[in-house]
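As provided, coords_16.txt (compact mmCIF, C-alpha atoms and all ligand atoms) reads as follows.
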```txt
# COMPACT_ATOMS: atom_id res chain seq x y z
CA MET A 1 98.02 -41.63 -90.73
CA LEU A 2 101.17 -39.55 -90.73
CA LYS A 3 100.96 -36.08 -89.31
CA GLU A 4 102.05 -34.62 -92.66
CA GLN A 5 99.30 -36.48 -94.53
CA LEU A 6 96.67 -35.20 -92.12
CA ILE A 7 97.90 -31.65 -92.61
CA VAL A 8 97.69 -32.07 -96.39
CA ARG A 9 94.08 -33.23 -96.06
CA ALA A 10 93.28 -30.26 -93.84
CA LYS A 11 94.85 -27.82 -96.30
CA THR A 12 92.88 -29.34 -99.17
CA ILE A 13 89.64 -28.67 -97.31
CA LEU A 14 90.63 -25.07 -96.63
CA GLU A 15 91.60 -24.72 -100.29
CA GLN A 16 88.22 -26.04 -101.44
CA ASN A 17 86.32 -23.77 -99.07
CA TRP A 18 88.30 -20.65 -100.10
CA LYS A 19 86.11 -18.25 -102.11
CA ASN A 20 88.26 -15.48 -103.48
CA GLY A 21 89.15 -13.68 -100.29
CA PHE A 22 87.41 -15.59 -97.49
CA THR A 23 86.57 -19.12 -96.38
CA ILE A 24 83.11 -20.64 -96.07
CA PRO A 25 82.61 -23.04 -93.13
CA THR A 26 81.34 -25.74 -95.51
CA SER A 27 79.53 -25.73 -98.84
CA ARG A 28 75.70 -25.73 -98.99
CA LEU A 29 75.04 -25.84 -95.21
CA TYR A 30 76.97 -22.61 -94.55
CA PRO A 31 77.85 -21.07 -97.93
CA PHE A 32 78.88 -17.56 -96.70
CA GLN A 33 81.42 -16.00 -94.35
CA TRP A 34 80.84 -16.55 -90.63
CA ASN A 35 82.45 -14.34 -88.01
CA TRP A 36 84.14 -16.60 -85.45
CA ASP A 37 84.66 -19.35 -88.01
CA SER A 38 86.85 -16.92 -89.94
CA GLY A 39 88.89 -16.16 -86.84
CA PHE A 40 89.70 -19.84 -86.30
CA VAL A 41 90.31 -20.39 -90.00
CA ALA A 42 92.82 -17.50 -90.14
CA MET A 43 94.73 -19.11 -87.26
CA GLY A 44 95.10 -22.26 -89.41
CA LEU A 45 95.99 -20.43 -92.62
CA ILE A 46 98.73 -18.39 -90.95
CA HIS A 47 100.89 -21.52 -90.65
CA TYR A 48 101.38 -21.68 -94.40
CA ASP A 49 99.74 -18.73 -96.18
CA VAL A 50 100.15 -15.30 -94.59
CA SER A 51 98.35 -13.51 -97.38
CA LYS A 52 95.20 -15.63 -97.12
CA ALA A 53 95.11 -15.30 -93.32
CA ILE A 54 95.20 -11.51 -93.70
CA GLN A 55 92.57 -11.46 -96.44
CA GLU A 56 90.26 -13.63 -94.34
CA ILE A 57 90.10 -11.05 -91.55
CA GLN A 58 90.10 -8.04 -93.86
CA SER A 59 87.13 -9.55 -95.64
CA LEU A 60 85.29 -9.98 -92.35
CA PHE A 61 85.87 -6.37 -91.32
CA SER A 62 84.61 -5.16 -94.73
CA GLY A 63 81.22 -5.93 -93.21
CA GLN A 64 81.67 -3.91 -90.00
CA TRP A 65 78.76 -1.60 -89.21
CA GLU A 66 79.13 2.06 -88.23
CA ASN A 67 78.11 1.20 -84.68
CA GLY A 68 81.16 -1.11 -84.56
CA MET A 69 79.36 -4.44 -84.77
CA VAL A 70 80.93 -7.15 -86.89
CA PRO A 71 78.02 -9.30 -88.10
CA HIS A 72 77.80 -13.02 -87.61
CA ILE A 73 77.27 -13.71 -91.33
CA LEU A 74 78.41 -11.76 -94.39
CA PHE A 75 76.47 -12.63 -97.54
CA HIS A 76 79.17 -11.91 -100.08
CA SER A 77 77.10 -13.54 -102.78
CA GLU A 78 73.40 -13.13 -103.41
CA LYS A 79 73.33 -16.19 -105.62
CA GLU A 80 73.65 -18.88 -102.94
CA THR A 81 70.17 -20.15 -102.19
CA THR A 82 70.87 -23.13 -99.95
CA TYR A 83 70.80 -21.14 -96.70
CA PHE A 84 68.01 -19.79 -94.52
CA PRO A 85 67.79 -17.03 -93.25
CA ASN A 86 69.46 -15.43 -96.24
CA PHE A 87 70.26 -11.70 -96.82
CA ASP A 88 66.72 -10.88 -97.98
CA PHE A 89 65.28 -12.18 -94.71
CA TRP A 90 67.75 -10.34 -92.47
CA GLN A 91 67.43 -7.03 -94.35
CA SER A 92 70.48 -5.43 -92.75
CA SER A 93 69.58 -2.16 -94.50
CA VAL A 94 67.04 -1.45 -91.72
CA ASN A 95 70.10 -0.16 -89.87
CA LYS A 96 71.43 3.00 -91.48
CA GLY A 97 74.99 2.17 -90.43
CA ALA A 98 75.07 -1.23 -92.12
CA PRO A 99 77.16 -1.24 -95.32
CA ASP A 100 75.30 -1.71 -98.62
CA MET A 101 77.80 -4.40 -99.50
CA PRO A 102 78.39 -6.97 -98.23
CA LYS A 103 74.90 -7.51 -96.93
CA SER A 104 74.85 -9.19 -93.55
CA SER A 105 72.93 -10.63 -90.67
CA GLY A 106 71.99 -8.19 -87.89
CA ILE A 107 73.58 -9.93 -84.91
CA THR A 108 77.13 -10.80 -83.93
CA GLN A 109 79.09 -13.81 -82.63
CA PRO A 110 81.70 -14.60 -79.95
CA PRO A 111 84.40 -11.89 -80.14
CA VAL A 112 87.56 -13.81 -80.97
CA MET A 113 89.40 -11.24 -83.08
CA GLY A 114 91.69 -9.89 -80.34
CA PHE A 115 93.33 -13.22 -79.64
CA VAL A 116 93.26 -14.15 -83.31
CA LEU A 117 95.30 -11.05 -84.09
CA GLU A 118 97.82 -11.79 -81.35
CA ASN A 119 98.07 -15.35 -82.64
CA LEU A 120 98.68 -14.28 -86.24
CA LEU A 121 101.54 -12.03 -85.12
CA LYS A 122 103.08 -14.73 -82.96
CA VAL A 123 102.79 -17.65 -85.39
CA SER A 124 104.07 -15.60 -88.33
CA GLY A 125 107.08 -14.49 -86.26
CA MET A 126 106.04 -10.82 -86.60
CA HIS A 127 105.98 -11.06 -90.40
CA PRO A 128 106.11 -7.46 -91.74
CA ASP A 129 102.87 -7.90 -93.72
CA VAL A 130 101.10 -9.14 -90.59
CA VAL A 131 102.49 -6.24 -88.57
CA ASP A 132 101.19 -3.72 -91.14
CA PHE A 133 97.86 -5.49 -91.24
CA ALA A 134 97.64 -5.59 -87.43
CA LYS A 135 98.25 -1.85 -87.19
CA ALA A 136 95.52 -1.14 -89.71
CA ILE A 137 92.92 -3.50 -88.22
CA TYR A 138 93.60 -2.68 -84.55
CA PRO A 139 91.31 0.38 -84.31
CA LYS A 140 88.53 -1.60 -85.99
CA VAL A 141 88.79 -4.38 -83.43
CA VAL A 142 88.79 -1.79 -80.63
CA LYS A 143 85.66 -0.26 -82.17
CA TYR A 144 84.05 -3.71 -82.32
CA HIS A 145 84.74 -4.25 -78.62
CA ARG A 146 83.48 -0.78 -77.73
CA TYR A 147 80.20 -1.71 -79.44
CA PHE A 148 79.55 -4.38 -76.80
CA TYR A 149 79.90 -1.86 -73.99
CA GLU A 150 77.90 0.87 -75.72
CA TYR A 151 75.00 -1.17 -77.05
CA ARG A 152 74.87 -4.35 -74.98
CA ASP A 153 75.60 -3.30 -71.42
CA PRO A 154 72.60 -1.37 -70.06
CA HIS A 155 73.68 -1.76 -66.41
CA LYS A 156 77.23 -0.60 -67.16
CA GLU A 157 78.86 -3.70 -65.72
CA LYS A 158 81.35 -4.13 -68.57
CA LEU A 159 79.53 -7.41 -69.19
CA PHE A 160 77.37 -7.62 -72.28
CA PHE A 161 74.17 -9.39 -73.23
CA MET A 162 73.19 -11.36 -76.29
CA TYR A 163 69.62 -11.49 -77.52
CA HIS A 164 69.78 -14.39 -79.95
CA PRO A 165 71.12 -17.93 -79.41
CA TRP A 166 72.95 -17.68 -82.75
CA GLU A 167 75.13 -14.97 -81.21
CA SER A 168 76.44 -17.41 -78.61
CA GLY A 169 77.65 -19.77 -81.34
CA ARG A 170 76.06 -22.55 -79.25
CA ASP A 171 72.67 -22.24 -80.91
CA ASN A 172 70.59 -24.99 -79.38
CA SER A 173 72.43 -25.58 -76.10
CA PRO A 174 69.99 -26.61 -73.32
CA LEU A 175 71.24 -23.48 -71.54
CA TRP A 176 68.87 -21.40 -73.60
CA ASP A 177 65.78 -23.66 -73.31
CA GLU A 178 64.05 -21.90 -70.43
CA SER A 179 64.61 -18.47 -71.87
CA LEU A 180 63.42 -19.52 -75.31
CA ASN A 181 60.36 -21.21 -73.84
CA ARG A 182 59.29 -17.83 -72.52
CA ILE A 183 58.53 -16.90 -76.10
CA GLU A 184 54.96 -17.71 -76.95
CA ILE A 185 54.44 -17.66 -80.65
CA LYS A 186 50.96 -16.71 -81.74
CA GLN A 187 49.64 -16.95 -85.25
CA GLY A 188 51.00 -14.15 -87.39
CA ASP A 189 53.98 -13.48 -85.08
CA ILE A 190 56.46 -14.93 -87.53
CA PRO A 191 56.34 -15.05 -91.32
CA ALA A 192 56.19 -18.35 -93.17
CA TYR A 193 59.68 -19.65 -93.89
CA GLN A 194 61.44 -22.67 -95.26
CA ARG A 195 64.35 -24.22 -93.38
CA ARG A 196 67.23 -25.35 -95.58
CA ASP A 197 69.57 -26.92 -93.04
CA THR A 198 67.52 -30.09 -92.48
CA SER A 199 67.53 -30.98 -96.16
CA ILE A 200 71.34 -30.82 -96.14
CA ALA A 201 72.30 -32.22 -92.71
CA ASP A 202 70.56 -35.00 -90.77
CA ALA A 203 67.56 -33.43 -88.99
CA SER A 204 68.29 -35.42 -85.81
CA GLU A 205 71.66 -33.64 -85.58
CA ARG A 206 70.16 -30.13 -85.97
CA PRO A 207 68.00 -27.81 -83.80
CA THR A 208 64.29 -28.64 -83.62
CA GLN A 209 61.47 -26.82 -85.43
CA ASP A 210 60.24 -25.23 -82.17
CA GLN A 211 63.70 -23.80 -81.64
CA TYR A 212 63.85 -22.48 -85.21
CA ASP A 213 60.53 -20.68 -84.79
CA ARG A 214 61.99 -18.92 -81.76
CA TYR A 215 65.19 -18.07 -83.63
CA VAL A 216 63.04 -16.44 -86.30
CA TYR A 217 60.97 -14.63 -83.68
CA LEU A 218 64.07 -13.09 -82.13
CA LEU A 219 65.45 -12.19 -85.55
CA GLN A 220 62.22 -10.32 -86.28
CA LEU A 221 62.42 -8.55 -82.92
CA GLY A 222 65.94 -7.35 -83.68
CA LYS A 223 64.93 -6.21 -87.15
CA LYS A 224 62.01 -4.23 -85.74
CA TYR A 225 64.50 -2.16 -83.74
CA GLN A 226 67.18 -1.84 -86.43
CA TYR A 227 69.21 -4.53 -84.63
CA ASP A 228 70.77 -2.07 -82.18
CA GLY A 229 67.90 -0.12 -80.62
CA PRO A 230 67.59 0.14 -76.80
CA GLU A 231 64.11 -1.42 -77.11
CA ILE A 232 65.77 -4.79 -77.64
CA ALA A 233 67.08 -4.85 -74.07
CA GLU A 234 63.71 -3.63 -72.83
CA GLU A 235 61.55 -6.10 -74.72
CA SER A 236 63.45 -9.23 -75.65
CA PRO A 237 62.25 -12.26 -73.65
CA PHE A 238 65.65 -13.73 -74.39
CA LEU A 239 68.40 -11.60 -72.81
CA ILE A 240 71.46 -13.38 -71.52
CA GLN A 241 74.97 -12.58 -70.40
CA ASP A 242 76.81 -15.57 -71.79
CA SER A 243 79.72 -16.68 -69.65
CA MET A 244 81.63 -17.84 -72.72
CA MET A 245 81.13 -14.76 -74.90
CA ASN A 246 82.06 -12.48 -72.02
CA ALA A 247 85.16 -14.56 -71.27
CA LEU A 248 86.17 -14.37 -74.92
CA LEU A 249 85.77 -10.61 -74.96
CA ILE A 250 88.03 -10.35 -71.92
CA LYS A 251 90.55 -12.72 -73.51
CA SER A 252 90.41 -10.71 -76.74
CA ASN A 253 90.87 -7.46 -74.81
CA LYS A 254 93.91 -8.87 -73.03
CA SER A 255 95.38 -9.97 -76.35
CA LEU A 256 94.59 -6.62 -77.92
CA SER A 257 96.30 -4.82 -75.09
CA SER A 258 99.43 -6.98 -75.64
CA VAL A 259 99.32 -6.24 -79.36
CA GLY A 260 99.00 -2.53 -78.51
CA GLN A 261 102.08 -2.76 -76.31
CA MET A 262 104.04 -4.67 -78.95
CA LEU A 263 103.17 -2.28 -81.75
CA ASP A 264 103.18 0.90 -79.70
CA LEU A 265 99.45 1.59 -80.13
CA ASP A 266 97.14 3.21 -77.60
CA HIS A 267 95.64 0.62 -75.24
CA GLY A 268 94.55 2.71 -72.24
CA GLU A 269 90.83 2.31 -72.90
CA ILE A 270 91.24 -1.46 -73.33
CA ASP A 271 93.09 -1.80 -70.02
CA GLU A 272 90.23 -0.04 -68.24
CA TRP A 273 87.72 -2.43 -69.80
CA ILE A 274 89.79 -5.39 -68.67
CA GLN A 275 90.06 -4.21 -65.08
CA GLU A 276 86.37 -3.66 -64.58
CA SER A 277 85.07 -6.58 -66.60
CA GLU A 278 87.38 -9.08 -64.93
CA LYS A 279 86.24 -8.09 -61.46
CA ASN A 280 82.55 -8.25 -62.36
CA TYR A 281 82.98 -11.45 -64.32
CA ARG A 282 84.44 -13.35 -61.39
CA GLN A 283 81.64 -12.18 -59.11
CA LYS A 284 78.78 -12.87 -61.44
CA PHE A 285 79.54 -16.09 -63.27
CA TRP A 286 81.19 -18.55 -60.92
CA SER A 287 78.86 -21.23 -59.55
CA ASP A 288 79.90 -23.27 -56.50
CA GLN A 289 76.98 -25.56 -57.11
CA LEU A 290 78.19 -26.47 -60.61
CA SER A 291 81.93 -26.20 -59.94
CA SER A 292 82.01 -24.24 -63.16
CA PHE A 293 81.23 -20.84 -64.61
CA ALA A 294 77.60 -20.31 -65.61
CA SER A 295 75.73 -17.86 -67.84
CA TYR A 296 73.35 -15.28 -66.39
CA ASP A 297 69.75 -14.75 -67.47
CA LEU A 298 68.95 -11.04 -67.25
CA ARG A 299 65.20 -11.68 -67.37
CA SER A 300 64.95 -14.11 -64.46
CA GLN A 301 67.99 -12.46 -62.85
CA GLU A 302 69.72 -15.69 -61.99
CA GLN A 303 72.46 -17.95 -63.20
CA ILE A 304 71.54 -20.71 -65.60
CA PRO A 305 72.32 -23.82 -63.54
CA MET A 306 73.83 -26.07 -66.19
CA LYS A 307 77.30 -27.31 -66.92
CA GLU A 308 78.62 -27.02 -70.47
CA VAL A 309 81.78 -26.52 -72.43
CA GLY A 310 81.39 -22.71 -72.63
CA GLY A 311 81.73 -22.64 -68.83
CA LEU A 312 85.29 -23.95 -69.20
CA ILE A 313 86.41 -21.23 -71.61
CA PRO A 314 87.12 -18.67 -68.83
CA LEU A 315 90.26 -20.73 -68.14
CA TYR A 316 91.54 -19.52 -71.50
CA ALA A 317 90.96 -15.93 -70.37
CA GLY A 318 92.72 -16.44 -67.02
CA LEU A 319 89.50 -15.78 -65.09
CA ALA A 320 89.53 -18.77 -62.72
CA THR A 321 91.34 -19.19 -59.42
CA GLU A 322 93.66 -22.21 -59.08
CA ASN A 323 91.03 -23.93 -56.99
CA GLN A 324 88.30 -23.33 -59.55
CA ALA A 325 90.58 -24.61 -62.30
CA ASP A 326 91.18 -27.78 -60.25
CA GLN A 327 87.45 -28.38 -60.02
CA MET A 328 86.95 -27.94 -63.74
CA ALA A 329 89.91 -30.16 -64.54
CA SER A 330 88.64 -32.94 -62.32
CA TYR A 331 85.27 -32.85 -64.11
CA LEU A 332 87.05 -33.49 -67.41
CA SER A 333 89.40 -36.11 -65.96
CA ASP A 334 86.39 -38.07 -64.68
CA LEU A 335 84.81 -38.04 -68.13
CA HIS A 336 88.08 -39.15 -69.68
CA GLN A 337 88.26 -42.11 -67.30
CA ASN A 338 84.66 -43.07 -67.88
CA GLY A 339 84.34 -43.71 -71.58
CA TYR A 340 84.07 -40.21 -73.04
CA PHE A 341 86.13 -38.32 -75.54
CA LEU A 342 86.82 -34.76 -74.41
CA CYS A 343 85.15 -32.26 -74.26
CA PRO A 344 81.39 -32.92 -74.60
CA SER A 345 79.57 -29.66 -75.25
CA PHE A 346 76.99 -30.36 -72.55
CA ASP A 347 76.79 -32.14 -69.19
CA VAL A 348 76.60 -35.84 -70.01
CA HIS A 349 74.78 -36.55 -66.73
CA HIS A 350 72.00 -34.07 -67.37
CA PRO A 351 68.66 -35.39 -68.73
CA ARG A 352 68.88 -32.92 -71.61
CA PHE A 353 72.17 -34.31 -72.86
CA ASP A 354 71.68 -35.43 -76.47
CA SER A 355 74.75 -37.08 -77.85
CA LYS A 356 74.26 -36.13 -81.49
CA ARG A 357 72.23 -32.95 -81.58
CA TYR A 358 74.51 -30.00 -82.34
CA TRP A 359 75.31 -28.17 -79.04
CA ARG A 360 73.42 -30.50 -76.70
CA GLY A 361 76.29 -32.96 -76.30
CA PRO A 362 78.67 -33.42 -79.24
CA ILE A 363 82.32 -32.35 -79.28
CA TRP A 364 83.49 -29.31 -81.25
CA PRO A 365 87.19 -29.17 -82.21
CA HIS A 366 87.69 -25.39 -81.95
CA MET A 367 86.23 -25.45 -78.43
CA ASN A 368 88.68 -28.17 -77.51
CA TRP A 369 91.54 -26.01 -78.77
CA MET A 370 90.55 -23.19 -76.41
CA VAL A 371 89.93 -25.46 -73.43
CA ALA A 372 93.33 -27.12 -73.97
CA HIS A 373 95.00 -23.71 -73.97
CA GLY A 374 93.12 -22.85 -70.80
CA MET A 375 94.35 -26.03 -69.12
CA VAL A 376 97.94 -25.25 -70.12
CA ALA A 377 97.60 -21.77 -68.63
CA TYR A 378 96.77 -23.44 -65.30
CA GLY A 379 99.60 -25.97 -65.54
CA LYS A 380 97.35 -28.91 -66.43
CA HIS A 381 99.52 -30.22 -69.23
CA GLU A 382 98.44 -33.86 -69.06
CA LEU A 383 94.79 -32.99 -69.45
CA ALA A 384 95.56 -30.57 -72.29
CA LYS A 385 97.42 -33.42 -74.00
CA VAL A 386 94.39 -35.72 -73.69
CA ILE A 387 92.09 -33.04 -75.13
CA ARG A 388 94.40 -32.52 -78.10
CA GLU A 389 94.90 -36.24 -78.69
CA ASP A 390 91.16 -36.89 -78.55
CA THR A 391 90.59 -34.10 -81.07
CA VAL A 392 93.14 -35.51 -83.49
CA HIS A 393 91.78 -39.04 -82.99
CA LEU A 394 88.22 -37.96 -83.80
CA ILE A 395 89.23 -36.10 -86.94
CA GLU A 396 91.66 -38.72 -88.16
CA ASN A 397 89.28 -41.62 -87.66
CA PHE A 398 85.88 -40.13 -88.37
CA GLY A 399 86.56 -37.36 -90.91
CA PHE A 400 86.66 -33.55 -90.96
CA PHE A 401 83.15 -33.05 -89.61
CA GLU A 402 81.49 -30.17 -87.82
CA TYR A 403 81.04 -32.04 -84.49
CA TYR A 404 81.54 -35.49 -82.98
CA GLU A 405 80.00 -38.10 -80.71
CA ALA A 406 81.47 -37.95 -77.20
CA GLN A 407 80.65 -41.50 -76.05
CA LYS A 408 83.54 -43.65 -77.16
CA ASP A 409 81.60 -46.85 -77.86
CA ILE A 410 78.97 -45.04 -79.96
CA ALA A 411 81.59 -42.96 -81.78
CA GLU A 412 83.57 -46.04 -82.77
CA SER A 413 80.47 -47.81 -84.07
CA ASN A 414 79.24 -44.71 -85.99
CA ALA A 415 82.63 -44.29 -87.63
CA HIS A 416 81.75 -40.76 -88.78
CA GLY A 417 81.16 -37.33 -87.29
CA TYR A 418 77.99 -35.24 -87.25
CA GLY A 419 76.62 -32.17 -89.06
CA GLY A 420 78.52 -30.69 -92.00
CA ASN A 421 81.49 -32.47 -93.57
CA HIS A 422 84.74 -31.00 -95.00
CA PHE A 423 84.50 -28.38 -92.30
CA SER A 424 86.89 -25.42 -92.30
CA TRP A 425 87.48 -24.77 -88.61
CA THR A 426 87.88 -28.49 -87.99
CA ALA A 427 90.67 -28.43 -90.60
CA SER A 428 92.31 -25.27 -89.22
CA THR A 429 92.10 -26.52 -85.63
CA LEU A 430 93.79 -29.75 -86.64
CA ILE A 431 96.62 -27.80 -88.28
CA ASN A 432 97.01 -25.71 -85.15
CA ILE A 433 97.18 -28.74 -82.88
CA LEU A 434 99.60 -30.64 -85.10
CA LYS A 435 101.83 -27.56 -85.35
CA ASN A 436 101.87 -27.43 -81.54
CA ASN A 437 100.04 -24.15 -81.44
C1 LIG B 501 73.08 -21.97 -88.40
O1 LIG B 501 72.56 -21.59 -89.44
O2 LIG B 501 72.82 -23.03 -87.85
C2 LIG B 501 74.10 -21.14 -87.78
O3 LIG B 501 74.64 -21.70 -86.65
C3 LIG B 501 73.54 -19.79 -87.47
O4 LIG B 501 74.61 -18.97 -87.44
```

How does this structure look as structure tokens?
Amino acid sequence: MLKEQLIVRAKTILEQNWKNGFTIPTSRLYPFQWNWDSGFVAMGLIHYDVSKAIQEIQSLFSGQWENGMVPHILFHSEKETTYFPNFDFWQSSVNKGAPDMPKSSGITQPPVMGFVLENLLKVSGMHPDVVDFAKAIYPKVVKYHRYFYEYRDPHKEKLFFMYHPWESGRDNSPLWDESLNRIEIKQGDIPAYQRRDTSIADASERPTQDQYDRYVYLLQLGKKYQYDGPEIAEESPFLIQDSMMNALLIKSNKSLSSVGQMLDLDHGEIDEWIQESEKNYRQKFWSDQLSSFASYDLRSQEQIPMKEVGGLIPLYAGLATENQADQMASYLSDLHQNGYFLCPSFDVHHPRFDSKRYWRGPIWPHMNWMVAHGMVAYGKHELAKVIREDTVHLIENFGFFEYYEAQKDIAESNAHGYGGNHFSWTASTLINILKNN
């Protein structure tokens, strides 16, 4: 298909998922506004609709809490009933600093807004509306980042923890298995609830029931402590410094600092965060054994010894040495030469690899976009090209799905992707790649 035709298809999806001021990831499965989805969507919209790109991010920040947190879901409508857990289950009002409207979840997601903002300025060629918008939103993004250091960094390392797998964006990655298995659910610990996702998407492509029970358990724990109380760090059996989320915060801080310099805004505090977090990041997350970066479990006080796509994202934040980047690149080159599309979300050689179940194996286009940028930053242009070509191939041949099979022979015989269809960040990522961004 011609590049132009693919872009038209992508725009049509974004058009259909646009809901008067923001974009839903996909209808029914995710019928509200999601935090990092919106960031990636705005980076697609900016190529052809500056106003919508701005509204997307403004809408997201309309849900910012007084403590600075930007929630992972904003429930702009109370009428959508196809999603669990909905606004009435989260009860964001337990936190006095949560806005009345829009109601929201009580946790956050990977902090992408710093680099999204830099990208919007760059792609729009410093469009005056984007410049005005950037000046207005800048202090809110700084406040969001400060939240991580004030509420999620008990050891003052300038590295933050998450206490729910949904915060990582990689919900059911095998990375979290051990930590989740620490949670023993006794009768009465969690209320009765009805999952909605498995009646919309194929259950074999979604997290398991055991995992969902633990997601609900951790949600309840957060709610008990107003979602930001210090008791969460003291009590949560699940407490992890995610190598990807921390890399994205550093990347976002670096971008924010550049935006500050460009627009003559104060960035002193951000530069201090960068200095300290970068140093600690390099020390804490690199694993020689894996030849990759690894997340850190604050409960067991050790790295989580598994290879996955989030461990490659530090390349995008400039956190790897040349030698480390070589090791990560050769891992991907091997996969490319051995029958895989790039980049599987989890180690294909690990017994817990599951080629179709959400974050236990399949490929996610927005992750590929970041890994490709990381490879370019380290001069690995050929590999970046393969990642981009694979992404376009998957979308063009199998549809605008949420995620994709990584094993070439299975993918070709399936002839479709996995999870939700007509997916917004798949569409926006495709636009970005085809526009050479
Ligand atoms: C879901 O509902 O599966 C989402 O990933 C949670 O944010």

Subject >> Protein and nucleic acid residues within 12 Å of ligand LIG 501 (chain B) (only C-alpha atoms and all ligand atoms) as a PyMOL selection string >> reply: chain A and resi 25-26+28-37+71-74+82-86+104-110+164-173+195-198+200-201+203+205-208+211-212+215-216+219+357-359+402+419-420

Original post:
Got a sec: who's within 9 Å of Ala384 (chain A), counting all atoms listed in the file, leaving out chain neighbours fewer than 3 positions off, as a list in words?
Top reply: Asn368, Trp369, Val371, Ala372, His373, Gly374, Met375, Val376, Lys380, His381, Ile387, Arg388 and Glu389 of chain A

**OP:** Around the point (88.6, -12.1, -84.0), in the coordinates given by the file, pick out the residues reaching within 10 Å, counting only C-alpha atoms, and return them as a list of chain:residue names.
**Re:** A:Asn35, A:Trp36, A:Asp37, A:Ser38, A:Gly39, A:Phe40, A:Ala42, A:Met43, A:Ile57, A:Leu60, A:Phe61, A:Val70, A:Gln109, A:Pro110, A:Pro111, A:Val112, A:Met113, A:Gly114, A:Phe115, A:Val116, A:Leu117, A:Glu118, A:Val141, A:Tyr144, A:Leu248, A:Leu249, A:Ser252

Subject >> Point-to-point distance from CA of Glu405 (chain A) to CA of Leu312 (chain A), Å rounded to tenths >> reply: 19.0 Å

Subject >> Residue among A:His366, A:Arg360, A:Lys156, A:His416 lying closest to Phe398 (chain A), counting all atoms listed in the file >> reply: A:His416

Calculate, to one decimal in Å, the centre and edge lengths of the box along x, y and z of the file that holds all listed atoms of region 102-110 of chain A with 8 Å of margin on each side, and present them as lines of an AutoDock Vina configuration file.
```
center_x = 76.8
center_y = -10.8
center_z = -89.1
size_x = 25.7
size_y = 23.6
size_z = 34.3
```
